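In what follows, a single structure is set out as structure tokens and then discussed.
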Amino acid sequence: MAYRVAVLAGDGIGPEVMEEALKVLDRISSKFGVDFEYREALVGGAAIDAVGDAFPEETKQVCDWADAILFGAVGGPKWESLPPEKQPERAALLPIRKRYELFANLRPALVFPALIESSPLKREILGDGGFDVLVVRELTGGIYFGQPKGIFEENGVKKGIDTLVYYDWEIERIAKVAFDAAMKREKRVASVDKANVLTSMVLWRQVVEEVAKSYPEVELRHLYVDNAAMQLIRDPHQFDVILAGNMFGDILSDEAAMLTGSIGMLPSASLGESKGLYEPVHGSAPDIAGQGIANPCAMILSAAMMLRYSFDLPEAADAVERSVEQALDEGFRTADLYRGKPGEVKVSTKQMGDVIAERI
Ligand code: NAD
């Protein structure tokens with residue numbers, strides 16, 4: 001049986017980093033005796049140029065067919081003058097999330113030991129081992145989508161409204177994703193809320209407590225979001241999996257990402273009941289596109305997440321992650337990571353892909 005992968009490279013550096021991820025997957029295929037069937041499709045600005053639509057019908061069919069979607073990046077200056085709803089990011093990513101109800105966003109914030117100096121945190125906080133936090137964010141509910149929403153006028157006074165609403169089943173399913181992920185890691189979940197002032201978060205806490213009963217091995221703690229934001233900077237090691245609603249998760253995942261200091265290293269996964277979307281956190285980086293210098297690690301680590309979460313191939317995922325770590329330990333650096341220190345070797349996108357693939 002072949003695992004079916006939709007390959008949506010997109011714009012800018014998307015195709016460059018995608019090529020390296022596929023190179024690594026090919027290596028996994030031969031080393032682990034698993035087969036991948038790839039279908040490429042247009043998305044984002046490239047699709048707008050070709051057929052006038054950022055997420056065309058043909059691409060939808062390819063995604064429907066696939067077990068998992070590998071996504072590069074979309075957007076760039078060429079399409080910035082389009083109306084907001086036609087912009088590549090909005091017109092491609094949001095419909096994909098909606099079509100497959102990708103309700104869980106997983107963002108690991110991981111500092112590899114070799115890259116500790118990229119982190120803005122002091123060495124005495126980081127220690128020698130880096131850190132590894134996974135933020136699990138609810139992606140399709142909460143205050144970003146709750147109704148009513150809008151600016152309303154009453155008796156000459158305007159008011160802006162957003163509604164924070166969570167249903168018990170929404171909390172339950174995202175909590176399960178977090179606990180399942182914790183079972184594959186260090187078995188610790190920190191659930192973030194604001195139950196001291198928000199009623200919806202009182203329910204959040206109750207449902208998370210309920211779900212926790214099915215995971216007796218996992219240690220659960222609750223933090224208010226303001227405290228969580230502080231604790232992440234004070235000592236990121238105290239966290240394994242952070243579980244949060246849409247808005248709090250949005251903010252905390254960016255904070256955690258910033259603590260790693262290198263956008264070219266950060267993968268992500270968005271999971272639904274039946275499909276997953278895997279993409280680097282970074283965008284299409286138009287400033288360096290076409291130069292062959294982009295860091296492919298975020299894309300390659302996104303492919304590793306696909307192996308882990310969509311295909312349940314943890315050994316293969318580990319092998320990819322270990323190879324990335326080994327390449328860094330041996331001093332290989334793309335331009336964004338290169339500091340000119342002794343032992344560092346500056347490499348192109350392709351060379352980095354080769355080095356990582358060879359180490360699997
Ligand atoms: P960006 O992430 O593309 O780039 C920010 C900076 O980081 C740039 O200097 C870039 O060169 C650098 N960078 C990013 N990824 C890198 C990598 N792999 N290797 C080396 N350096 C890397 O963000 P931006 O500049 O704000 O956005 C550029 C375009 O990408 C915009 O059109 C934006 O809308 C789009 N975007 C798309 C996505 C997505 O597809 N999911 C996400 C964010 C931004």
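Ligands are numbered from 1 in the order shown, chains are lettered A, B, ... in the order of the structure tokens, and residues start at 1 in each chain.
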Excluding Asp250 (chain A) and any residue of its chain fewer than 6 positions from it, enumerate the residues within 12 Å of it, using only C-alpha atoms, and give them as a PyMOL selection string.
-> chain A and resi 104-107+135-140+142-144+192+225+229+242-244+256-257
May I have the selected residues written with C-alpha atoms, as a PDB file, in the first residue's frame?
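What follows is the written file again-v9.pdb:
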ATOM      1  CA  ALA A 104      -5.945  20.938  15.601  1.00  0.00           C
ATOM      2  CA  ASN A 105      -2.787  22.909  14.957  1.00  0.00           C
ATOM      3  CA  LEU A 106       0.429  21.342  16.238  1.00  0.00           C
ATOM      4  CA  ARG A 107       3.493  23.540  16.407  1.00  0.00           C
ATOM      5  CA  VAL A 135       1.851  23.829  21.245  1.00  0.00           C
ATOM      6  CA  VAL A 136      -1.523  22.251  20.411  1.00  0.00           C
ATOM      7  CA  ARG A 137      -3.902  25.005  19.347  1.00  0.00           C
ATOM      8  CA  GLU A 138      -7.620  24.714  18.606  1.00  0.00           C
ATOM      9  CA  LEU A 139      -7.957  26.091  15.090  1.00  0.00           C
ATOM     10  CA  THR A 140     -11.575  26.265  13.958  1.00  0.00           C
ATOM     11  CA  GLY A 142     -13.303  30.171  19.727  1.00  0.00           C
ATOM     12  CA  ILE A 143     -13.313  33.925  19.433  1.00  0.00           C
ATOM     13  CA  TYR A 144     -12.043  34.038  15.822  1.00  0.00           C
ATOM     14  CA  VAL A 192      -3.962  27.191  29.142  1.00  0.00           C
ATOM     15  CA  VAL A 225      -2.690  32.464  29.816  1.00  0.00           C
ATOM     16  CA  ALA A 229       3.263  33.607  28.601  1.00  0.00           C
ATOM     17  CA  ILE A 242       0.795  23.157  25.803  1.00  0.00           C
ATOM     18  CA  LEU A 243      -2.933  22.907  25.059  1.00  0.00           C
ATOM     19  CA  ALA A 244      -4.771  26.125  24.210  1.00  0.00           C
ATOM     20  CA  ALA A 256       7.375  29.773  21.640  1.00  0.00           C
ATOM     21  CA  ALA A 257       8.557  29.959  18.004  1.00  0.00           C
TER      22      ALA A 257
END
Who sits within 9 Å of Arg359 (chain A), only C-alpha atoms, same chain under 6 positions skipped, as a ChimeraX atom specification = /A:319-320,322-324,326-327
DSSP strand (DSSP E) residues within region 67-236 of chain A, as an NGL selection string = :A and (68-73 or 104-110 or 132-138 or 146-154 or 157-163 or 188-193 or 219-224)
DSSP-assigned alpha helix (DSSP H) among region 209-259 of chain A, expressed as a list of chain:residue names = A:Glu209, A:Glu210, A:Val211, A:Ala212, A:Val225, A:Asp226, A:Asn227, A:Ala228, A:Ala229, A:Met230, A:Gln231, A:Leu232, A:Ile233, A:Arg234, A:Asn246, A:Met247, A:Phe248, A:Gly249, A:Asp250, A:Ile251, A:Leu252, A:Ser253, A:Asp254, A:Glu255, A:Ala256, A:Ala257, A:Met258, A:Leu259
List all protein, DNA and RNA residues that have at least one atom no more than 9 Å from any atom of ligand 1, counting only C-alpha atoms and all ligand atoms, and write them as an NGL selection string.
-> :A and (10-14 or 17 or 44 or 71-80 or 87-90 or 92-93 or 262-266 or 279-289 or 293-299 or 334-337 or 349)
Selected residues written out, N, CA and C atoms, as a short mmCIF file (atom, residue, chain, number, x, y, z; two decimals), in the first residue's frame:
data_model
loop_
_atom_site.label_atom_id
_atom_site.label_comp_id
_atom_site.auth_asym_id
_atom_site.auth_seq_id
_atom_site.Cartn_x
_atom_site.Cartn_y
_atom_site.Cartn_z
N GLY A 10 3.54 25.58 -3.99
CA GLY A 10 3.20 27.00 -3.85
C GLY A 10 4.20 27.94 -4.49
N ASP A 11 4.50 29.03 -3.76
CA ASP A 11 5.25 30.15 -4.34
C ASP A 11 6.59 30.37 -3.64
N GLY A 12 7.37 31.28 -4.23
CA GLY A 12 8.62 31.71 -3.60
C GLY A 12 9.54 30.53 -3.33
N ILE A 13 9.98 30.41 -2.07
CA ILE A 13 10.89 29.30 -1.74
C ILE A 13 10.14 27.98 -1.56
N GLY A 14 8.79 28.01 -1.64
CA GLY A 14 8.00 26.78 -1.46
C GLY A 14 8.52 25.62 -2.29
N VAL A 17 12.14 24.32 -1.16
CA VAL A 17 12.24 23.51 0.06
C VAL A 17 11.45 22.20 -0.09
N GLY A 44 -2.00 28.74 -4.41
CA GLY A 44 -1.51 30.09 -4.12
C GLY A 44 -1.33 30.93 -5.37
N PHE A 71 2.49 21.02 2.21
CA PHE A 71 2.24 22.37 1.70
C PHE A 71 3.51 23.20 1.89
N GLY A 72 3.96 23.87 0.80
CA GLY A 72 5.17 24.70 0.90
C GLY A 72 4.85 26.03 1.54
N ALA A 73 4.65 27.03 0.71
CA ALA A 73 4.25 28.36 1.20
C ALA A 73 3.61 29.09 0.03
N VAL A 74 2.76 30.06 0.35
CA VAL A 74 2.12 30.82 -0.73
C VAL A 74 2.25 32.31 -0.47
N GLY A 75 2.11 33.07 -1.55
CA GLY A 75 2.09 34.53 -1.44
C GLY A 75 3.36 35.17 -1.98
N GLY A 76 3.30 36.49 -2.07
CA GLY A 76 4.44 37.25 -2.56
C GLY A 76 3.97 38.58 -3.09
N PRO A 77 4.90 39.50 -3.35
CA PRO A 77 4.57 40.86 -3.75
C PRO A 77 3.67 40.92 -4.99
N LYS A 78 3.85 39.95 -5.89
CA LYS A 78 3.08 39.95 -7.14
C LYS A 78 1.57 39.95 -6.90
N TRP A 79 1.12 39.35 -5.80
CA TRP A 79 -0.32 39.19 -5.58
C TRP A 79 -0.84 40.07 -4.44
N GLU A 80 0.04 40.93 -3.93
CA GLU A 80 -0.36 41.73 -2.76
C GLU A 80 -1.40 42.80 -3.07
N GLN A 87 -6.27 37.10 -1.87
CA GLN A 87 -4.84 36.95 -1.61
C GLN A 87 -4.52 35.46 -1.41
N PRO A 88 -3.35 35.02 -1.91
CA PRO A 88 -3.03 33.59 -1.87
C PRO A 88 -3.22 32.93 -0.50
N GLU A 89 -2.74 33.59 0.59
CA GLU A 89 -2.84 32.94 1.90
C GLU A 89 -4.28 32.69 2.30
N ARG A 90 -5.08 33.76 2.16
CA ARG A 90 -6.48 33.65 2.58
C ARG A 90 -7.28 32.74 1.66
N ALA A 92 -6.24 30.32 -0.21
CA ALA A 92 -5.78 28.93 -0.33
C ALA A 92 -5.84 28.22 1.02
N LEU A 93 -5.18 28.78 2.02
CA LEU A 93 -5.08 28.06 3.29
C LEU A 93 -6.40 27.95 4.04
N SER A 262 14.87 30.72 15.10
CA SER A 262 15.15 30.44 13.69
C SER A 262 13.91 29.96 12.95
N ILE A 263 13.34 30.87 12.17
CA ILE A 263 12.07 30.57 11.48
C ILE A 263 12.23 29.46 10.44
N GLY A 264 13.42 29.30 9.91
CA GLY A 264 13.65 28.26 8.90
C GLY A 264 13.69 26.85 9.46
N MET A 265 13.50 26.72 10.78
CA MET A 265 13.58 25.40 11.43
C MET A 265 12.22 24.89 11.92
N LEU A 266 11.15 25.70 11.75
CA LEU A 266 9.91 25.38 12.48
C LEU A 266 8.83 24.73 11.60
N GLU A 279 3.01 21.87 6.97
CA GLU A 279 3.65 23.02 6.31
C GLU A 279 4.64 23.68 7.26
N PRO A 280 5.67 24.30 6.68
CA PRO A 280 6.58 25.08 7.53
C PRO A 280 5.86 26.30 8.08
N VAL A 281 6.35 26.82 9.21
CA VAL A 281 5.74 28.02 9.79
C VAL A 281 6.05 29.25 8.94
N HIS A 282 7.21 29.23 8.28
CA HIS A 282 7.60 30.41 7.51
C HIS A 282 6.75 30.59 6.24
N GLY A 283 6.87 31.77 5.63
CA GLY A 283 6.15 32.06 4.40
C GLY A 283 7.01 31.79 3.18
N SER A 284 6.69 32.48 2.09
CA SER A 284 7.33 32.17 0.80
C SER A 284 8.67 32.89 0.63
N ALA A 285 9.05 33.72 1.61
CA ALA A 285 10.36 34.40 1.63
C ALA A 285 10.77 34.96 0.27
N PRO A 286 9.96 35.86 -0.30
CA PRO A 286 10.28 36.36 -1.65
C PRO A 286 11.66 37.02 -1.73
N ASP A 287 12.15 37.52 -0.58
CA ASP A 287 13.46 38.20 -0.60
C ASP A 287 14.62 37.26 -0.93
N ILE A 288 14.45 35.97 -0.73
CA ILE A 288 15.56 35.05 -1.03
C ILE A 288 15.15 33.97 -2.05
N ALA A 289 13.93 34.06 -2.57
CA ALA A 289 13.44 33.01 -3.49
C ALA A 289 14.31 32.97 -4.75
N ILE A 293 19.20 29.38 -1.46
CA ILE A 293 19.82 29.50 -0.14
C ILE A 293 18.84 29.28 1.01
N ALA A 294 17.57 29.01 0.69
CA ALA A 294 16.57 28.84 1.75
C ALA A 294 16.89 27.61 2.60
N ASN A 295 16.52 27.69 3.85
CA ASN A 295 16.71 26.57 4.77
C ASN A 295 15.55 25.57 4.57
N PRO A 296 15.84 24.34 4.16
CA PRO A 296 14.76 23.38 3.92
C PRO A 296 14.32 22.63 5.18
N CYS A 297 14.96 22.91 6.34
CA CYS A 297 14.70 22.07 7.53
C CYS A 297 13.24 22.13 8.00
N ALA A 298 12.62 23.32 7.98
CA ALA A 298 11.23 23.42 8.44
C ALA A 298 10.33 22.54 7.58
N MET A 299 10.58 22.54 6.28
CA MET A 299 9.76 21.72 5.36
C MET A 299 10.04 20.24 5.60
N THR A 334 22.62 26.42 6.54
CA THR A 334 22.20 27.30 5.45
C THR A 334 22.46 28.74 5.88
N ALA A 335 22.36 29.67 4.92
CA ALA A 335 22.79 31.06 5.17
C ALA A 335 22.12 31.68 6.40
N ASP A 336 20.84 31.36 6.62
CA ASP A 336 20.12 31.96 7.75
C ASP A 336 20.69 31.53 9.11
N LEU A 337 21.35 30.36 9.15
CA LEU A 337 21.88 29.84 10.42
C LEU A 337 23.38 30.06 10.56
N THR A 349 20.50 25.20 -0.24
CA THR A 349 19.26 24.43 0.05
C THR A 349 19.45 22.97 -0.34
#
Using only C-alpha atoms, what table do you get, as a Markdown table, when you list each residue of region 241-308 of chain A with an atom no more than 9 Å from region 52-69 of chain A, its nearest pair of atoms, and their distance in Å rounded to one decimal, rows by chain then rising number?
| residue | atom | partner | partner_atom | distance |
| --- | --- | --- | --- | --- |
| A:Ser274 | CA | A:Asp67 | CA | 7.7 |
| A:Lys275 | CA | A:Ala68 | CA | 5.6 |
| A:Gly276 | CA | A:Ala68 | CA | 5.0 |
| A:Leu277 | CA | A:Ile69 | CA | 4.7 |
| A:Tyr278 | CA | A:Ile69 | CA | 6.1 |
| A:Glu279 | CA | A:Ile69 | CA | 8.5 |
| A:Met306 | CA | A:Ala68 | CA | 7.1 |
Residues as selected, C-alpha atoms, written as a PDB file, in the first residue's frame, can you do that?
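Final output, selection08.pdb:
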ATOM      1  CA  SER A 274      -9.345  12.193   8.415  1.00  0.00           C
ATOM      2  CA  LYS A 275      -6.568  14.304   6.949  1.00  0.00           C
ATOM      3  CA  GLY A 276      -3.539  16.322   7.902  1.00  0.00           C
ATOM      4  CA  LEU A 277      -1.880  19.374   6.388  1.00  0.00           C
ATOM      5  CA  TYR A 278       1.843  19.757   6.964  1.00  0.00           C
ATOM      6  CA  GLU A 279       3.652  23.017   6.314  1.00  0.00           C
ATOM      7  CA  MET A 306       3.393  13.790   8.437  1.00  0.00           C
TER       8      MET A 306
END
Which distance in Å separates CA of Glu209 (chain A) and CA of Tyr166 (chain A), to one decimal?
-> 15.4 Å
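Residues in contact range of Lys149 (chain A), defined as at most 7 Å between only C-alpha atoms, with sequence neighbours fewer than 4 positions away removed, read Ile161, Asp162 and Thr163 of chain A.
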Dump of all heavy atoms for the selected residues, as an mmCIF file, in the first residue's frame:
data_model
loop_
_atom_site.group_PDB
_atom_site.id
_atom_site.type_symbol
_atom_site.label_atom_id
_atom_site.label_comp_id
_atom_site.auth_asym_id
_atom_site.auth_seq_id
_atom_site.Cartn_x
_atom_site.Cartn_y
_atom_site.Cartn_z
ATOM 1 N N ILE A 161 -18.064 43.708 18.205
ATOM 2 C CA ILE A 161 -18.328 42.483 18.980
ATOM 3 C C ILE A 161 -17.581 41.288 18.406
ATOM 4 O O ILE A 161 -17.600 41.049 17.196
ATOM 5 C CB ILE A 161 -19.841 42.129 18.973
ATOM 6 C CG1 ILE A 161 -20.651 43.249 19.589
ATOM 7 C CG2 ILE A 161 -20.086 40.820 19.727
ATOM 8 C CD1 ILE A 161 -22.132 42.945 19.671
ATOM 9 N N ASP A 162 -16.920 40.543 19.270
ATOM 10 C CA ASP A 162 -16.467 39.191 18.954
ATOM 11 C C ASP A 162 -17.005 38.289 20.048
ATOM 12 O O ASP A 162 -17.153 38.718 21.186
ATOM 13 C CB ASP A 162 -14.940 39.123 18.931
ATOM 14 C CG ASP A 162 -14.364 39.970 17.827
ATOM 15 O OD1 ASP A 162 -14.467 39.558 16.665
ATOM 16 O OD2 ASP A 162 -13.834 41.056 18.134
ATOM 17 N N THR A 163 -17.285 37.051 19.691
ATOM 18 C CA THR A 163 -17.909 36.155 20.662
ATOM 19 C C THR A 163 -16.987 34.971 20.947
ATOM 20 O O THR A 163 -16.568 34.284 20.018
ATOM 21 C CB THR A 163 -19.254 35.635 20.098
ATOM 22 O OG1 THR A 163 -20.069 36.766 19.794
ATOM 23 C CG2 THR A 163 -19.955 34.740 21.100
#
9 Å contact set for region 123-128 of chain A, only C-alpha atoms, chain neighbours under 4 positions out, as a ChimeraX atom specification = /A:113,116-117,119,233-237
Please produce a file of the residues just selected, as a PDB file, in the first residue's frame, where the atoms kept are N, CA, C and O atoms.
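The resulting result_5.pdb:
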ATOM      1  N   PRO A 113      20.300  21.425  20.147  1.00  0.00           N
ATOM      2  CA  PRO A 113      21.472  21.836  20.928  1.00  0.00           C
ATOM      3  C   PRO A 113      22.472  22.656  20.101  1.00  0.00           C
ATOM      4  O   PRO A 113      23.041  23.628  20.586  1.00  0.00           O
ATOM      5  N   ILE A 116      21.556  26.528  19.922  1.00  0.00           N
ATOM      6  CA  ILE A 116      21.190  27.224  21.148  1.00  0.00           C
ATOM      7  C   ILE A 116      21.464  28.730  21.046  1.00  0.00           C
ATOM      8  O   ILE A 116      20.690  29.550  21.531  1.00  0.00           O
ATOM      9  N   GLU A 117      22.525  29.080  20.327  1.00  0.00           N
ATOM     10  CA  GLU A 117      22.869  30.502  20.260  1.00  0.00           C
ATOM     11  C   GLU A 117      21.897  31.326  19.435  1.00  0.00           C
ATOM     12  O   GLU A 117      21.907  32.558  19.487  1.00  0.00           O
ATOM     13  N   SER A 119      18.747  31.211  19.904  1.00  0.00           N
ATOM     14  CA  SER A 119      17.649  31.567  20.793  1.00  0.00           C
ATOM     15  C   SER A 119      17.946  32.873  21.515  1.00  0.00           C
ATOM     16  O   SER A 119      19.068  33.096  21.969  1.00  0.00           O
ATOM     17  N   ILE A 233       8.935  32.039  28.964  1.00  0.00           N
ATOM     18  CA  ILE A 233      10.213  32.750  28.871  1.00  0.00           C
ATOM     19  C   ILE A 233      11.094  32.454  30.078  1.00  0.00           C
ATOM     20  O   ILE A 233      12.307  32.338  29.980  1.00  0.00           O
ATOM     21  N   ARG A 234      10.440  32.317  31.244  1.00  0.00           N
ATOM     22  CA  ARG A 234      11.207  32.101  32.467  1.00  0.00           C
ATOM     23  C   ARG A 234      11.908  30.745  32.444  1.00  0.00           C
ATOM     24  O   ARG A 234      13.076  30.629  32.796  1.00  0.00           O
ATOM     25  N   ASP A 235      11.172  29.707  31.989  1.00  0.00           N
ATOM     26  CA  ASP A 235      11.764  28.371  31.960  1.00  0.00           C
ATOM     27  C   ASP A 235      10.979  27.455  31.014  1.00  0.00           C
ATOM     28  O   ASP A 235      10.059  26.743  31.451  1.00  0.00           O
ATOM     29  N   PRO A 236      11.348  27.461  29.728  1.00  0.00           N
ATOM     30  CA  PRO A 236      10.589  26.649  28.759  1.00  0.00           C
ATOM     31  C   PRO A 236      10.665  25.146  29.047  1.00  0.00           C
ATOM     32  O   PRO A 236       9.788  24.397  28.603  1.00  0.00           O
ATOM     33  N   HIS A 237      11.671  24.718  29.822  1.00  0.00           N
ATOM     34  CA  HIS A 237      11.816  23.271  30.088  1.00  0.00           C
ATOM     35  C   HIS A 237      10.656  22.699  30.869  1.00  0.00           C
ATOM     36  O   HIS A 237      10.435  21.490  30.856  1.00  0.00           O
TER      37      HIS A 237
END
Could you check how far CA of Glu358 (chain A) sits from CA of Glu186 (chain A), in Å to one decimal?
->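 Separating CA of Glu358 (chain A) from CA of Glu186 (chain A) is a distance of 29.0 Å.
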Residue contacts of Lys31 (chain A) (10 Å, only C-alpha atoms) excluding same-chain residues fewer than 4 positions away, as JSON, numbers by chain | {"A": [25, 26, 27, 316, 360]}
For those residues, write all heavy atoms to a file as a short mmCIF file (atom, residue, chain, number, x, y, z; two decimals), in the first residue's frame.
data_model
loop_
_atom_site.label_atom_id
_atom_site.label_comp_id
_atom_site.auth_asym_id
_atom_site.auth_seq_id
_atom_site.Cartn_x
_atom_site.Cartn_y
_atom_site.Cartn_z
N LEU A 25 11.99 12.10 1.84
CA LEU A 25 10.94 11.07 1.88
C LEU A 25 11.32 9.88 0.98
O LEU A 25 11.04 8.73 1.32
CB LEU A 25 9.60 11.65 1.44
CG LEU A 25 8.89 12.54 2.48
CD1 LEU A 25 7.61 13.13 1.88
CD2 LEU A 25 8.56 11.77 3.76
N ASP A 26 11.95 10.18 -0.17
CA ASP A 26 12.39 9.09 -1.05
C ASP A 26 13.39 8.19 -0.32
O ASP A 26 13.37 6.97 -0.44
CB ASP A 26 13.03 9.65 -2.32
CG ASP A 26 11.97 10.18 -3.29
OD1 ASP A 26 10.78 9.88 -3.07
OD2 ASP A 26 12.34 10.91 -4.23
N ARG A 27 14.25 8.83 0.42
CA ARG A 27 15.25 8.09 1.19
C ARG A 27 14.55 7.22 2.26
O ARG A 27 14.91 6.07 2.49
CB ARG A 27 16.20 9.08 1.83
CG ARG A 27 17.27 8.49 2.65
CD ARG A 27 18.43 7.99 1.81
NE ARG A 27 19.53 7.62 2.67
CZ ARG A 27 20.70 7.18 2.26
NH1 ARG A 27 20.92 7.03 0.97
NH2 ARG A 27 21.64 6.88 3.12
N ALA A 316 10.32 6.20 11.40
CA ALA A 316 10.73 6.98 10.22
C ALA A 316 10.80 8.46 10.58
O ALA A 316 11.73 9.17 10.19
CB ALA A 316 9.77 6.74 9.07
N ILE A 360 20.09 9.48 6.80
CA ILE A 360 18.98 8.61 7.22
C ILE A 360 19.38 7.16 7.04
O ILE A 360 19.82 6.77 5.98
CB ILE A 360 17.70 8.94 6.41
CG1 ILE A 360 17.13 10.26 6.95
CG2 ILE A 360 16.66 7.84 6.56
CD1 ILE A 360 16.03 10.84 6.13
#
Contacts of region 214-216 of chain A at 12 Å (only C-alpha atoms; same-chain gap of 4+ positions) as number ranges by chain = A: 172, 175-183, 187-189, 207-210, 220
Which distance in Å separates CA of Leu121 (chain A) and CA of Pro108 (chain A), to one decimal?
-> 17.1 Å
Of the residues A:Ser270, A:Ile151, A:Val211, A:Lys23, which is the one nearest to Trp169 (chain A), using only C-alpha atoms?
->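 Nearest candidate to Trp169 (chain A) out of A:Ser270, A:Ile151, A:Val211, A:Lys23: A:Val211.
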Among A:Gly245, A:Gly129, A:Gly141, A:Pro314, Asp193 (chain A) is approached most closely, using only C-alpha atoms, by A:Gly245
